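Structure file start_5.txt; described as compact mmCIF, C-alpha atoms.
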# COMPACT_ATOMS: atom_id res chain seq x y z
CA MET V 1 15.66 -2.12 28.01
CA LEU V 2 14.05 1.30 28.53
CA PHE V 3 12.86 3.06 25.38
CA LYS V 4 12.41 6.81 25.46
CA LYS V 5 9.26 7.80 23.58
CA TYR V 6 9.14 11.49 22.75
CA MET V 7 6.04 11.43 20.59
CA GLU V 8 3.66 9.08 18.81
CA ASN V 9 4.49 5.77 17.14
CA ILE V 10 6.41 5.66 13.88
CA PHE V 11 6.24 3.29 10.91
CA VAL V 12 9.75 2.51 9.57
CA THR V 13 10.31 1.35 6.03
CA ILE V 14 13.65 -0.35 5.45
CA VAL V 15 14.55 -0.10 1.77
CA LEU V 16 16.16 -3.50 1.86
CA THR V 17 17.42 -3.85 -1.68
CA THR V 18 17.14 -2.27 -5.12
CA GLN V 19 17.49 -5.68 -6.77
CA CYS V 20 14.43 -7.35 -8.26
CA ASN V 21 13.70 -10.59 -10.10
CA LEU V 22 11.07 -8.90 -12.29
CA ASP V 23 11.17 -6.14 -14.87
CA CYS V 24 7.67 -4.69 -14.57
CA LYS V 25 6.69 -2.23 -17.29
CA TYR V 26 5.27 0.25 -14.79
CA CYS V 27 7.95 -0.09 -12.08
CA MET V 28 8.74 3.23 -10.38
CA ASN V 29 12.45 2.35 -10.51
CA ASN V 30 12.25 2.59 -14.30
CA SER V 31 9.64 5.34 -14.54
CA GLY V 32 12.06 8.11 -15.41
CA LYS V 33 10.36 10.40 -12.89
CA GLY V 34 13.47 10.80 -10.79
CA LEU V 35 11.89 9.12 -7.79
CA ILE V 36 14.93 6.87 -7.33
CA PRO V 37 18.35 8.55 -7.69
CA GLU V 38 20.96 6.85 -9.83
CA ASP V 39 23.15 5.90 -6.87
CA VAL V 40 20.19 4.17 -5.24
CA LYS V 41 19.40 2.24 -8.42
CA SER V 42 22.89 0.76 -8.39
CA SER V 43 23.01 -2.92 -7.47
CA SER V 44 25.94 -2.10 -5.18
CA PHE V 45 23.66 0.07 -3.06
CA GLU V 46 22.90 -2.64 -0.49
CA TRP V 47 23.01 -3.13 3.27
CA SER V 48 26.25 -4.70 4.42
CA SER V 49 24.64 -6.59 7.30
CA ALA V 50 21.50 -7.00 9.41
CA GLU V 51 23.41 -5.38 12.26
CA ASP V 52 23.58 -2.15 10.25
CA ILE V 53 19.80 -2.19 9.89
CA VAL V 54 19.31 -2.95 13.58
CA GLU V 55 21.67 -0.10 14.48
CA CYS V 56 19.49 2.32 12.50
CA LEU V 57 16.32 1.01 14.11
CA MET V 58 17.88 1.33 17.57
CA SER V 59 18.69 4.97 16.88
CA ILE V 60 15.17 5.74 15.64
CA SER V 61 13.61 3.94 18.61
CA LYS V 62 15.26 6.42 20.95
CA ALA V 63 13.30 9.20 19.25
CA ARG V 64 9.99 7.45 18.53
CA ASN V 65 8.43 4.13 19.46
CA ILE V 66 8.65 1.88 16.39
CA ALA V 67 5.24 0.28 15.91
CA TYR V 68 5.89 -1.33 12.52
CA VAL V 69 8.90 -2.19 10.39
CA SER V 70 8.18 -2.76 6.71
CA PHE V 71 10.76 -4.28 4.36
CA PHE V 72 10.70 -2.82 0.87
CA GLY V 73 12.62 -3.07 -2.39
CA GLY V 74 13.25 -4.05 -5.07
CA GLU V 75 12.10 -7.46 -4.01
CA PRO V 76 12.56 -7.94 -0.25
CA LEU V 77 12.36 -11.75 -0.37
CA LEU V 78 15.71 -11.76 -2.18
CA LYS V 79 17.12 -10.73 1.21
CA MET V 80 15.16 -13.08 3.45
CA ASP V 81 18.29 -13.79 5.48
CA LEU V 82 18.50 -10.10 6.43
CA ILE V 83 14.79 -10.00 7.28
CA ASN V 84 15.08 -12.99 9.60
CA SER V 85 18.19 -11.62 11.27
CA VAL V 86 16.61 -8.21 11.91
CA ILE V 87 13.47 -9.80 13.35
CA SER V 88 15.56 -12.03 15.65
CA GLN V 89 17.11 -8.87 17.14
CA LYS V 90 13.85 -6.95 17.67
CA SER V 91 14.41 -6.71 21.44
CA LYS V 92 17.20 -4.22 20.69
CA PHE V 93 14.82 -1.65 19.17
CA SER V 94 11.41 -2.57 20.58
CA ASP V 95 9.66 -3.34 23.83
CA GLY V 96 8.18 -6.38 22.07
CA SER V 97 5.17 -4.73 20.44
CA VAL V 98 6.79 -4.04 17.05
CA ARG V 99 5.16 -5.68 14.02
CA PHE V 100 6.81 -6.59 10.72
CA ALA V 101 5.50 -6.38 7.16
CA PHE V 102 6.62 -6.66 3.58
CA THR V 103 5.23 -6.25 0.10
CA THR V 104 6.36 -8.87 -2.38
CA ASN V 105 5.84 -9.80 -6.01
CA ALA V 106 5.73 -13.43 -4.73
CA TYR V 107 7.73 -14.71 -7.69
CA LEU V 108 10.26 -16.45 -5.45
CA PRO V 109 8.79 -19.79 -4.29
CA PHE V 110 7.61 -19.77 -0.67
CA ASN V 111 9.80 -22.55 0.68
CA GLN V 112 9.43 -23.87 4.22
CA GLU V 113 11.92 -21.35 5.61
CA ILE V 114 9.95 -18.42 4.22
CA ILE V 115 6.61 -19.84 5.36
CA ASN V 116 7.94 -20.53 8.85
CA SER V 117 9.28 -16.98 9.12
CA ILE V 118 6.00 -15.44 7.93
CA ILE V 119 3.84 -17.52 10.28
CA ASN V 120 6.10 -17.59 13.34
CA ASN V 121 6.62 -13.82 13.22
CA ASN V 122 3.02 -13.01 12.25
CA ILE V 123 4.27 -10.91 9.34
CA ILE V 124 1.80 -8.58 7.62
CA LEU V 125 1.97 -9.75 4.04
CA ASN V 126 0.98 -7.81 0.90
CA ILE V 127 1.27 -9.55 -2.48
CA SER V 128 1.15 -8.02 -5.96
CA LEU V 129 -1.40 -9.62 -8.30
CA ASP V 130 -2.85 -7.58 -11.16
CA GLY V 131 -5.58 -10.02 -12.15
CA PRO V 132 -5.97 -13.14 -14.29
CA LYS V 133 -2.89 -14.59 -15.98
CA VAL V 134 -3.25 -12.73 -19.28
CA ILE V 135 -3.35 -9.39 -17.42
CA HIS V 136 -0.71 -10.08 -14.78
CA ASN V 137 1.91 -11.50 -17.14
CA SER V 138 1.50 -8.79 -19.77
CA SER V 139 3.27 -6.24 -17.55
CA ARG V 140 5.11 -8.33 -14.93
CA ILE V 141 8.04 -9.88 -16.74
CA ALA V 142 10.39 -12.31 -15.00
CA LYS V 143 14.05 -11.67 -15.74
CA ASP V 144 14.70 -15.42 -15.91
CA GLY V 145 11.79 -16.01 -18.30
CA GLY V 146 9.60 -17.79 -15.75
CA ASP V 147 5.84 -17.56 -15.33
CA CYS V 148 5.12 -14.75 -12.83
CA PHE V 149 1.43 -15.51 -12.52
CA ASN V 150 1.79 -19.22 -11.82
CA ASN V 151 4.39 -18.59 -9.13
CA VAL V 152 2.14 -16.08 -7.36
CA ILE V 153 -0.83 -18.46 -7.43
CA ASP V 154 1.31 -21.33 -6.16
CA ASN V 155 2.44 -19.17 -3.23
CA LEU V 156 -1.10 -18.01 -2.49
CA ASN V 157 -2.21 -21.63 -2.37
CA ILE V 158 0.62 -22.40 0.06
CA LEU V 159 -0.59 -19.57 2.31
CA LYS V 160 -4.15 -20.85 2.04
CA GLY V 161 -2.97 -24.32 3.01
CA ASN V 162 -1.47 -22.78 6.13
CA ASP V 163 -4.63 -20.71 6.78
CA TYR V 164 -2.56 -17.51 6.66
CA LYS V 165 -4.24 -14.27 5.55
CA CYS V 166 -2.62 -11.80 3.19
CA ALA V 167 -3.71 -8.81 1.13
CA LEU V 168 -3.45 -8.40 -2.64
CA ILE V 169 -2.42 -5.24 -4.50
CA SER V 170 -3.48 -4.86 -8.13
CA VAL V 171 -2.49 -2.19 -10.65
CA LEU V 172 -5.41 -1.09 -12.82
CA ASP V 173 -4.72 0.16 -16.32
CA GLU V 174 -5.82 -0.52 -19.89
CA ARG V 175 -4.82 -4.19 -19.80
CA GLY V 176 -8.24 -5.23 -18.54
CA ILE V 177 -9.96 -3.57 -21.49
CA ASP V 178 -7.44 -5.01 -23.94
CA HIS V 179 -8.14 -8.51 -22.63
CA GLY V 180 -11.88 -8.18 -22.12
CA LYS V 181 -11.83 -8.08 -18.32
CA SER V 182 -13.85 -5.47 -16.42
CA ILE V 183 -13.00 -4.05 -13.00
CA ARG V 184 -15.68 -6.33 -11.56
CA ASP V 185 -14.08 -9.32 -13.31
CA ILE V 186 -10.70 -8.42 -11.80
CA SER V 187 -12.31 -7.90 -8.39
CA ASP V 188 -14.06 -11.27 -8.53
CA PHE V 189 -10.82 -12.95 -9.52
CA LEU V 190 -8.80 -11.38 -6.70
CA SER V 191 -11.48 -12.24 -4.14
CA LYS V 192 -10.92 -15.95 -4.84
CA TYR V 193 -7.47 -15.66 -3.29
CA SER V 194 -7.99 -13.04 -0.60
CA ALA V 195 -10.97 -11.28 0.96
CA VAL V 196 -8.79 -8.18 1.22
CA TYR V 197 -7.41 -6.54 -1.89
CA LYS V 198 -6.71 -3.13 -3.33
CA ILE V 199 -7.15 -2.12 -6.98
CA ASN V 200 -4.86 0.86 -7.59
CA PRO V 201 -5.30 2.97 -10.75
CA ALA V 202 -2.12 3.62 -12.72
CA TYR V 203 -1.18 7.28 -12.99
CA ALA V 204 -0.80 7.12 -16.74
CA LEU V 205 -2.49 5.05 -19.42
CA ASN V 206 -0.54 4.10 -22.55
CA GLY V 207 -1.39 4.59 -26.20
CA SER V 208 -2.29 7.49 -28.47
CA GLN V 209 -4.24 10.42 -27.01
CA LYS V 210 -7.42 9.03 -28.54
CA ASP V 211 -6.74 5.61 -27.02
CA ILE V 212 -6.06 7.12 -23.61
CA VAL V 213 -9.34 9.06 -23.66
CA GLU V 214 -11.27 5.95 -24.69
CA TYR V 215 -9.53 3.79 -22.07
CA SER V 216 -10.18 6.38 -19.38
CA GLU V 217 -13.88 6.74 -20.23
CA LYS V 218 -14.36 2.98 -20.33
CA LEU V 219 -12.59 2.38 -17.01
CA LEU V 220 -14.53 5.17 -15.29
CA GLU V 221 -17.76 3.67 -16.61
CA GLU V 222 -16.70 0.26 -15.29
CA GLN V 223 -15.89 1.80 -11.91
CA SER V 224 -19.36 3.32 -11.65
CA THR V 225 -20.95 -0.06 -12.45
CA PHE V 226 -18.65 -1.78 -9.98
CA ILE V 227 -19.54 0.56 -7.11
CA ASP V 228 -23.26 0.39 -7.94
CA SER V 229 -23.08 -3.41 -7.74
CA ILE V 230 -21.48 -3.20 -4.28
CA PHE V 231 -24.26 -0.94 -3.03
CA ASP V 232 -26.91 -3.15 -4.63
CA SER V 233 -25.60 -6.02 -2.50
CA ILE V 234 -25.69 -3.82 0.60
CA ARG V 235 -29.23 -2.61 -0.09
CA ASN V 236 -30.42 -6.17 -0.72
CA ARG V 237 -28.58 -7.34 2.41
CA ASP V 238 -26.85 -9.97 0.28
CA GLU V 239 -23.83 -10.71 2.47
CA MET V 240 -22.64 -13.46 0.14
CA GLN V 241 -22.03 -10.80 -2.52
CA TYR V 242 -20.27 -8.24 -0.32
CA ILE V 243 -17.09 -6.91 -1.90
CA TYR V 244 -14.33 -5.56 0.35
CA GLU V 245 -12.08 -3.86 -2.17
CA ASN V 246 -9.92 -1.72 0.08
CA ASN V 247 -10.22 1.63 -1.69
CA VAL V 248 -14.01 1.38 -1.96
CA LEU V 249 -14.30 0.21 1.65
CA LEU V 250 -12.15 3.09 2.92
CA THR V 251 -14.00 5.64 0.81
CA ILE V 252 -17.42 4.50 2.06
CA SER V 253 -16.18 4.41 5.66
CA ASN V 254 -14.58 7.86 5.54
CA ILE V 255 -17.64 9.48 3.98
CA VAL V 256 -19.99 7.81 6.47
CA LYS V 257 -17.78 8.92 9.36
CA GLN V 258 -17.26 12.34 7.74
CA LYS V 259 -13.59 11.79 8.33
CA LYS V 260 -11.35 14.50 6.91
CA LYS V 261 -7.82 13.81 5.79
CA VAL V 262 -5.19 15.73 7.75
CA TYR V 263 -2.19 14.74 5.66
CA VAL V 264 -1.65 14.43 1.92
CA CYS V 265 -0.22 10.92 2.19
CA GLY V 266 0.63 8.16 4.62
CA ALA V 267 4.24 9.35 4.80
CA SER V 268 3.19 11.59 7.69
CA GLY V 269 3.78 8.65 10.00
CA VAL V 270 6.60 6.96 8.09
CA ILE V 271 10.36 7.16 7.92
CA ALA V 272 12.22 5.36 5.12
CA VAL V 273 15.83 4.30 5.72
CA PHE V 274 18.28 3.47 2.92
CA PRO V 275 21.49 1.38 3.00
CA ASP V 276 23.69 4.49 3.32
CA LYS V 277 21.71 5.27 6.53
CA ARG V 278 20.03 8.28 4.97
CA ALA V 279 16.45 8.65 6.11
CA TYR V 280 13.63 10.34 4.22
CA ALA V 281 9.92 10.80 4.79
CA CYS V 282 9.23 7.99 2.32
CA TYR V 283 11.00 5.92 -0.32
CA ASN V 284 9.18 8.12 -2.87
CA LEU V 285 10.06 11.41 -1.18
CA MET V 286 13.82 11.32 -1.66
CA ASP V 287 14.07 15.07 -1.79
CA ASP V 288 16.16 17.41 0.37
CA SER V 289 13.00 18.99 1.75
CA PHE V 290 11.97 15.59 3.12
CA LEU V 291 15.38 14.50 4.37
CA ILE V 292 15.14 13.38 8.01
CA SER V 293 18.82 12.64 8.51
CA ASP V 294 22.04 12.12 6.56
CA ASN V 295 22.86 9.31 8.96
CA VAL V 296 20.26 8.16 11.51
CA VAL V 297 22.88 6.27 13.52
CA LYS V 298 24.91 9.40 14.19
CA GLU V 299 21.91 11.69 14.70
CA LYS V 300 20.71 12.67 18.16
CA PRO V 301 17.20 11.38 19.04
CA SER V 302 15.94 14.92 19.59
CA ILE V 303 17.07 15.93 16.07
CA ILE V 304 15.36 12.90 14.49
CA ASP V 305 12.18 13.66 16.38
CA SER V 306 12.32 17.33 15.42
CA SER V 307 12.85 16.45 11.75
CA LEU V 308 9.93 14.03 11.82
CA HIS V 309 7.68 16.62 13.41
CA GLU V 310 8.71 19.23 10.82
CA LYS V 311 8.10 16.77 8.00
CA MET V 312 4.65 15.89 9.34
CA ASN V 313 3.68 19.58 9.41
CA ARG V 314 4.94 20.00 5.85
CA LEU V 315 2.70 17.15 4.69
CA ARG V 316 -0.47 18.67 6.13
CA ILE V 317 -3.24 19.00 3.56
CA GLU V 318 -3.51 22.81 3.87
CA ASN V 319 0.03 23.16 2.50
CA TYR V 320 -0.98 21.64 -0.85
CA PRO V 321 -3.24 22.69 -3.73
CA VAL V 322 -6.98 22.39 -3.20
CA GLU V 323 -7.04 19.51 -5.68
CA TYR V 324 -5.55 17.24 -3.02
CA ARG V 325 -8.53 17.95 -0.80
CA GLU V 326 -10.90 16.86 -3.54
CA VAL V 327 -9.64 13.28 -3.15
CA GLU V 328 -9.23 13.51 0.60
CA LEU V 329 -11.83 10.84 1.34
CA TYR V 330 -10.03 8.23 -0.73
CA GLY V 331 -7.34 7.55 1.87
CA ASN V 332 -3.88 8.82 2.70
CA ASP V 333 -2.06 7.49 -0.33
CA TYR V 334 -1.89 10.35 -2.82
CA CYS V 335 1.80 11.04 -3.41
CA PRO V 336 2.73 14.74 -3.07
CA LEU V 337 5.22 14.31 -5.92
CA GLU V 338 2.29 13.72 -8.27
CA ASN V 339 0.84 17.13 -9.07
CA ASN V 340 -0.78 16.11 -12.35
CA PHE V 341 -4.44 16.52 -11.51
CA GLN V 342 -5.35 15.45 -15.03
CA SER V 343 -3.78 12.02 -14.46
CA PHE V 344 -5.97 8.95 -14.73
CA ALA V 345 -5.29 8.05 -11.08
CA TYR V 346 -6.49 11.43 -9.83
CA ILE V 347 -9.63 11.39 -11.98
CA TYR V 348 -10.37 7.79 -11.00
CA ARG V 349 -10.12 8.59 -7.30
CA LYS V 350 -12.23 11.71 -7.56
CA LYS V 351 -14.85 9.80 -9.54
CA MET V 352 -14.91 7.07 -6.91
CA ILE V 353 -15.83 9.63 -4.25
CA GLU V 354 -18.63 10.93 -6.49
CA ASN V 355 -19.98 7.43 -7.14
CA VAL V 356 -19.89 6.42 -3.48
CA THR V 357 -21.46 9.72 -2.37
CA LYS V 358 -24.27 9.34 -4.91
CA ASN V 359 -25.10 5.88 -3.60
CA LEU V 360 -24.91 6.85 0.07
CA GLN V 361 -27.47 9.60 -0.44
CA SER V 362 -30.22 6.99 -0.81
CA PHE V 363 -29.65 5.47 2.63
CA ILE V 364 -32.00 6.48 5.44
CA VAL V 365 -30.50 6.25 8.93
CA GLY V 366 -32.11 3.45 10.90
CA SER V 367 -33.52 1.69 7.85
CA ALA V 368 -32.82 -1.98 7.10
CA GLU V 369 -30.54 -0.90 4.27
CA HIS V 370 -28.61 1.42 6.60
CA LEU V 371 -28.14 -1.38 9.13
CA SER V 372 -26.86 -3.54 6.28
CA LEU V 373 -24.36 -0.79 5.42
CA VAL V 374 -23.12 -0.70 9.02
CA ASN V 375 -22.84 -4.50 8.97
CA TYR V 376 -20.88 -4.32 5.71
CA LEU V 377 -18.36 -1.83 7.15
CA ASN V 378 -17.99 -3.74 10.41
CA LYS V 379 -17.38 -7.03 8.62
CA GLY V 380 -14.92 -5.42 6.26
CA PHE V 381 -12.74 -3.96 8.99
CA ASN V 382 -13.05 -7.05 11.19
CA ASN V 383 -11.41 -9.21 8.56
CA PRO V 384 -8.66 -11.41 10.08
CA TYR V 385 -6.07 -9.65 7.90
CA PHE V 386 -6.79 -6.31 9.58
CA LYS V 387 -6.72 -7.91 13.01
CA ASN V 388 -3.33 -9.30 12.09
CA ALA V 389 -2.17 -5.90 10.88
CA GLY V 390 -3.14 -4.15 14.08
CA PRO V 391 -5.15 -1.05 14.93
CA MET V 392 -3.46 1.50 12.67
CA GLU V 393 -6.13 2.28 10.07
CA SER V 394 -3.51 3.71 7.70
CA LEU V 395 -1.99 0.25 7.55
CA LEU V 396 -4.99 -1.43 5.92
CA ILE V 397 -2.94 -1.95 2.81
CA LYS V 398 0.28 -0.08 2.24
Let me see the file written as structure tokens.
Amino acid sequence: MLFKKYMENIFVTIVLTTQCNLDCKYCMNNSGKGLIPEDVKSSSFEWSSAEDIVECLMSISKARNIAYVSFFGGEPLLKMDLINSVISQKSKFSDGSVRFAFTTNAYLPFNQEIINSIINNNIILNISLDGPKVIHNSSRIAKDGGDCFNNVIDNLNILKGNDYKCALISVLDERGIDHGKSIRDISDFLSKYSAVYKINPAYALNGSQKDIVEYSEKLLEEQSTFIDSIFDSIRNRDEMQYIYENNVLLTISNIVKQKKKVYVCGASGVIAVFPDKRAYACYNLMDDSFLISDNVVKEKPSIIDSSLHEKMNRLRIENYPVEYREVELYGNDYCPLENNFQSFAYIYRKKMIENVTKNLQSFIVGSAEHLSLVNYLNKGFNNPYFKNAGPMESLLIK
């Protein structure tokens, strides 16, 4: 089959389901921010068949080459039959180079069918794990009353037994402080299960204003200590102590390379498709200004491509407040819907850049410490997970 490629590759997110087996306290579906419209929240808002999904992907592939298809939710593993069926029909929308990914809470047990699908299709796998049991279970609540943490660990051990690499995504908020666990403690815990993980600061911390200020100050202090410890290991050339937390790794790499961010967020190369065949720039950007198509199946390829190009231009950094540029070295994951530059997440990211920059200033090019820094970056990005994920740097952890 001949695929017409008008422009660069595209990353397609299929919003597979709005159903979930957890009721997380910080879930965006329950955030009240209007990110997910009421009709999308409805449990009846589901794909009727895998063929419908494939039809959408076929239409998009005529406008852009689809490099990656990511299944999102809700909890995508609740629709594993749809995932398998779509993958089995990949020749209809790809020349064979397409890769598949999904982010899961890993509460559903990884039975042999799921494991076989993950391994046989080389699926890029991201798993949510907020830290030790007392932290993870305090916000991730199973609707059936089960133990979220134990199920995740069981599944991680199954992956380990099959020598399959995944990445972990952790939400950082006040729970660590409440339970006596520092950022370094959480990092050390996550590293036991995956060499690749990402600690994401929550946008808002809970409690009274006084509590929030105290939490924020404590977490920022912990972050500074955490980053200093990473650089101490680099300076001492202690490879056994290297830490490859994704946000720190990206920040160091981007500053060293003096890489400037072109777009506000990773949605510049993404199109998110919903069960009604509407397509937006992202599952978070369900706004008329980011609408790609009312129905991607009925849309002409040239119109889809034009809409994508227009959306990419709209997401360019110069079209947003200067505050976005102040966190530009953190990575392309700052949501343009979040304009609260006093939020904990924004302050945390900006502080990370300051802490990394401060440490990098002590390195002399060509010194033993500088060579250790280069070695650290090379080893971080040569991790088998990233090789599995492919060459797109923006895909390190989505």
### Query
Could you work out how far CA of Asn111 (chain V) lies from CA of Gly146 (chain V), giving the answer in Å with one decimal?
17.1 Å
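Going from CA of Tyr242 (chain V) to CA of Tyr193 (chain V) covers 15.1 Å.
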### Query
Got a sec: who's within 12 Å of region 359-369 of chain V, counting all atoms listed in the file, leaving out chain neighbours fewer than 2 positions off, as number ranges by chain?
V: 224-238, 251-257, 352-357, 371-376
Keeping C-alpha atoms, export the residues of the selection given above as a PDB file, keeping the file's coordinate frame.
ATOM      1  CA  SER V 224     -19.360   3.320 -11.650  1.00  0.00           C
ATOM      2  CA  THR V 225     -20.950  -0.060 -12.450  1.00  0.00           C
ATOM      3  CA  PHE V 226     -18.650  -1.780  -9.980  1.00  0.00           C
ATOM      4  CA  ILE V 227     -19.540   0.560  -7.110  1.00  0.00           C
ATOM      5  CA  ASP V 228     -23.260   0.390  -7.940  1.00  0.00           C
ATOM      6  CA  SER V 229     -23.080  -3.410  -7.740  1.00  0.00           C
ATOM      7  CA  ILE V 230     -21.480  -3.200  -4.280  1.00  0.00           C
ATOM      8  CA  PHE V 231     -24.260  -0.940  -3.030  1.00  0.00           C
ATOM      9  CA  ASP V 232     -26.910  -3.150  -4.630  1.00  0.00           C
ATOM     10  CA  SER V 233     -25.600  -6.020  -2.500  1.00  0.00           C
ATOM     11  CA  ILE V 234     -25.690  -3.820   0.600  1.00  0.00           C
ATOM     12  CA  ARG V 235     -29.230  -2.610  -0.090  1.00  0.00           C
ATOM     13  CA  ASN V 236     -30.420  -6.170  -0.720  1.00  0.00           C
ATOM     14  CA  ARG V 237     -28.580  -7.340   2.410  1.00  0.00           C
ATOM     15  CA  ASP V 238     -26.850  -9.970   0.280  1.00  0.00           C
ATOM     16  CA  THR V 251     -14.000   5.640   0.810  1.00  0.00           C
ATOM     17  CA  ILE V 252     -17.420   4.500   2.060  1.00  0.00           C
ATOM     18  CA  SER V 253     -16.180   4.410   5.660  1.00  0.00           C
ATOM     19  CA  ASN V 254     -14.580   7.860   5.540  1.00  0.00           C
ATOM     20  CA  ILE V 255     -17.640   9.480   3.980  1.00  0.00           C
ATOM     21  CA  VAL V 256     -19.990   7.810   6.470  1.00  0.00           C
ATOM     22  CA  LYS V 257     -17.780   8.920   9.360  1.00  0.00           C
ATOM     23  CA  MET V 352     -14.910   7.070  -6.910  1.00  0.00           C
ATOM     24  CA  ILE V 353     -15.830   9.630  -4.250  1.00  0.00           C
ATOM     25  CA  GLU V 354     -18.630  10.930  -6.490  1.00  0.00           C
ATOM     26  CA  ASN V 355     -19.980   7.430  -7.140  1.00  0.00           C
ATOM     27  CA  VAL V 356     -19.890   6.420  -3.480  1.00  0.00           C
ATOM     28  CA  THR V 357     -21.460   9.720  -2.370  1.00  0.00           C
ATOM     29  CA  LEU V 371     -28.140  -1.380   9.130  1.00  0.00           C
ATOM     30  CA  SER V 372     -26.860  -3.540   6.280  1.00  0.00           C
ATOM     31  CA  LEU V 373     -24.360  -0.790   5.420  1.00  0.00           C
ATOM     32  CA  VAL V 374     -23.120  -0.700   9.020  1.00  0.00           C
ATOM     33  CA  ASN V 375     -22.840  -4.500   8.970  1.00  0.00           C
ATOM     34  CA  TYR V 376     -20.880  -4.320   5.710  1.00  0.00           C
TER      35      TYR V 376
END
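Excluding Thr13 (chain V) and any residue on its chain fewer than 2 positions from it, the residues at most 9 Å away by only C-alpha atoms are Phe11, Val15, Leu16, Tyr68, Val69, Ser70, Phe71, Phe72, Val270, Ile271, Ala272, Val273, Phe274, Cys282 and Tyr283 of chain V.
Proximity ranking of V:Ser182, V:Asn383, V:Lys311, V:Leu220 relative to Asp287 (chain V) places V:Lys311 first, based on only C-alpha atoms.
For the set V:Cys265, V:Leu329, V:Leu172, V:Leu205, the residue with the smallest atom-to-atom gap to Leu250 (chain V) is V:Leu329, counting only C-alpha atoms.
The space separating CA of Val98 (chain V) from CA of Val86 (chain V) comes to 11.8 Å.
Using all atoms listed in the file, the smallest distance between any of V:Asp130, V:Glu214, V:Glu323, V:Glu318 and Ile347 (chain V) comes from V:Glu323.
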### Task
Within 10 Å of Leu159 (chain V), counting only C-alpha atoms, which residues show up once you throw out same-chain ones fewer than 3 positions away? Write them as number ranges by chain, please.
V: 110, 115, 118-119, 153-156, 162-166, 193
### Nearest residue to Ser97 (chain V) from the set V:Phe290, V:Tyr244, V:Asn9, V:Val152 (distances using only C-alpha atoms)
V:Asn9
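Among the candidates V:Ser88, V:Lys62, V:Tyr348, V:Thr17, the one nearest to Gly74 (chain V) when counting all atoms listed in the file is V:Thr17.
When the distance limit is 12 Å and only C-alpha atoms are what count, the residues near Asp52 (chain V), minus those fewer than 3 positions from it on the same chain, are Ile14, Leu16, Glu46, Trp47, Ser48, Ser49, Glu55, Cys56, Leu57, Met58, Ser59, Leu82, Ser85, Val86, Gln89, Val273, Phe274, Pro275, Asp276, Lys277, Asn295, Val296 and Val297 of chain V.
Considering all atoms listed in the file, the residue among V:Ile212, V:Ile317, V:Asn284, V:Lys379 positioned nearest to Cys335 (chain V) is V:Asn284.
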### Query
List as number ranges by chain: which residues have an atom within 12 Å of (4.4, -17.1, 14.1), counting all atoms listed in the file?
V: 87, 99-100, 114-124, 162, 164, 388
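Residues with any atom within 9 Å of region 176-181 of chain V, counting all atoms listed in the file and excluding same-chain neighbours fewer than 2 positions away, are V:Gly131, V:Pro132, V:Val134, V:Ile135, V:Leu172, V:Asp173, V:Glu174, V:Ile183, V:Arg184, V:Asp185, V:Ile186, V:Tyr215, V:Lys218, V:Leu219.
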Please, could you write that set of residues out with C-alpha atoms as a PDB file, in the frame of the given file?
ATOM      1  CA  GLY V 131      -5.580 -10.020 -12.150  1.00  0.00           C
ATOM      2  CA  PRO V 132      -5.970 -13.140 -14.290  1.00  0.00           C
ATOM      3  CA  VAL V 134      -3.250 -12.730 -19.280  1.00  0.00           C
ATOM      4  CA  ILE V 135      -3.350  -9.390 -17.420  1.00  0.00           C
ATOM      5  CA  LEU V 172      -5.410  -1.090 -12.820  1.00  0.00           C
ATOM      6  CA  ASP V 173      -4.720   0.160 -16.320  1.00  0.00           C
ATOM      7  CA  GLU V 174      -5.820  -0.520 -19.890  1.00  0.00           C
ATOM      8  CA  ILE V 183     -13.000  -4.050 -13.000  1.00  0.00           C
ATOM      9  CA  ARG V 184     -15.680  -6.330 -11.560  1.00  0.00           C
ATOM     10  CA  ASP V 185     -14.080  -9.320 -13.310  1.00  0.00           C
ATOM     11  CA  ILE V 186     -10.700  -8.420 -11.800  1.00  0.00           C
ATOM     12  CA  TYR V 215      -9.530   3.790 -22.070  1.00  0.00           C
ATOM     13  CA  LYS V 218     -14.360   2.980 -20.330  1.00  0.00           C
ATOM     14  CA  LEU V 219     -12.590   2.380 -17.010  1.00  0.00           C
TER      15      LEU V 219
END
#### Entry: Protein/DNA/RNA residues near (11.6, -4.2, 24.4), cut 12 Å, only C-alpha atoms, as a list in words
Met1, Leu2, Phe3, Lys4, Met58, Ser61, Lys62, Asn65, Ile66, Ala67, Gln89, Lys90, Ser91, Lys92, Phe93, Ser94, Asp95, Gly96, Ser97 and Val98 of chain V
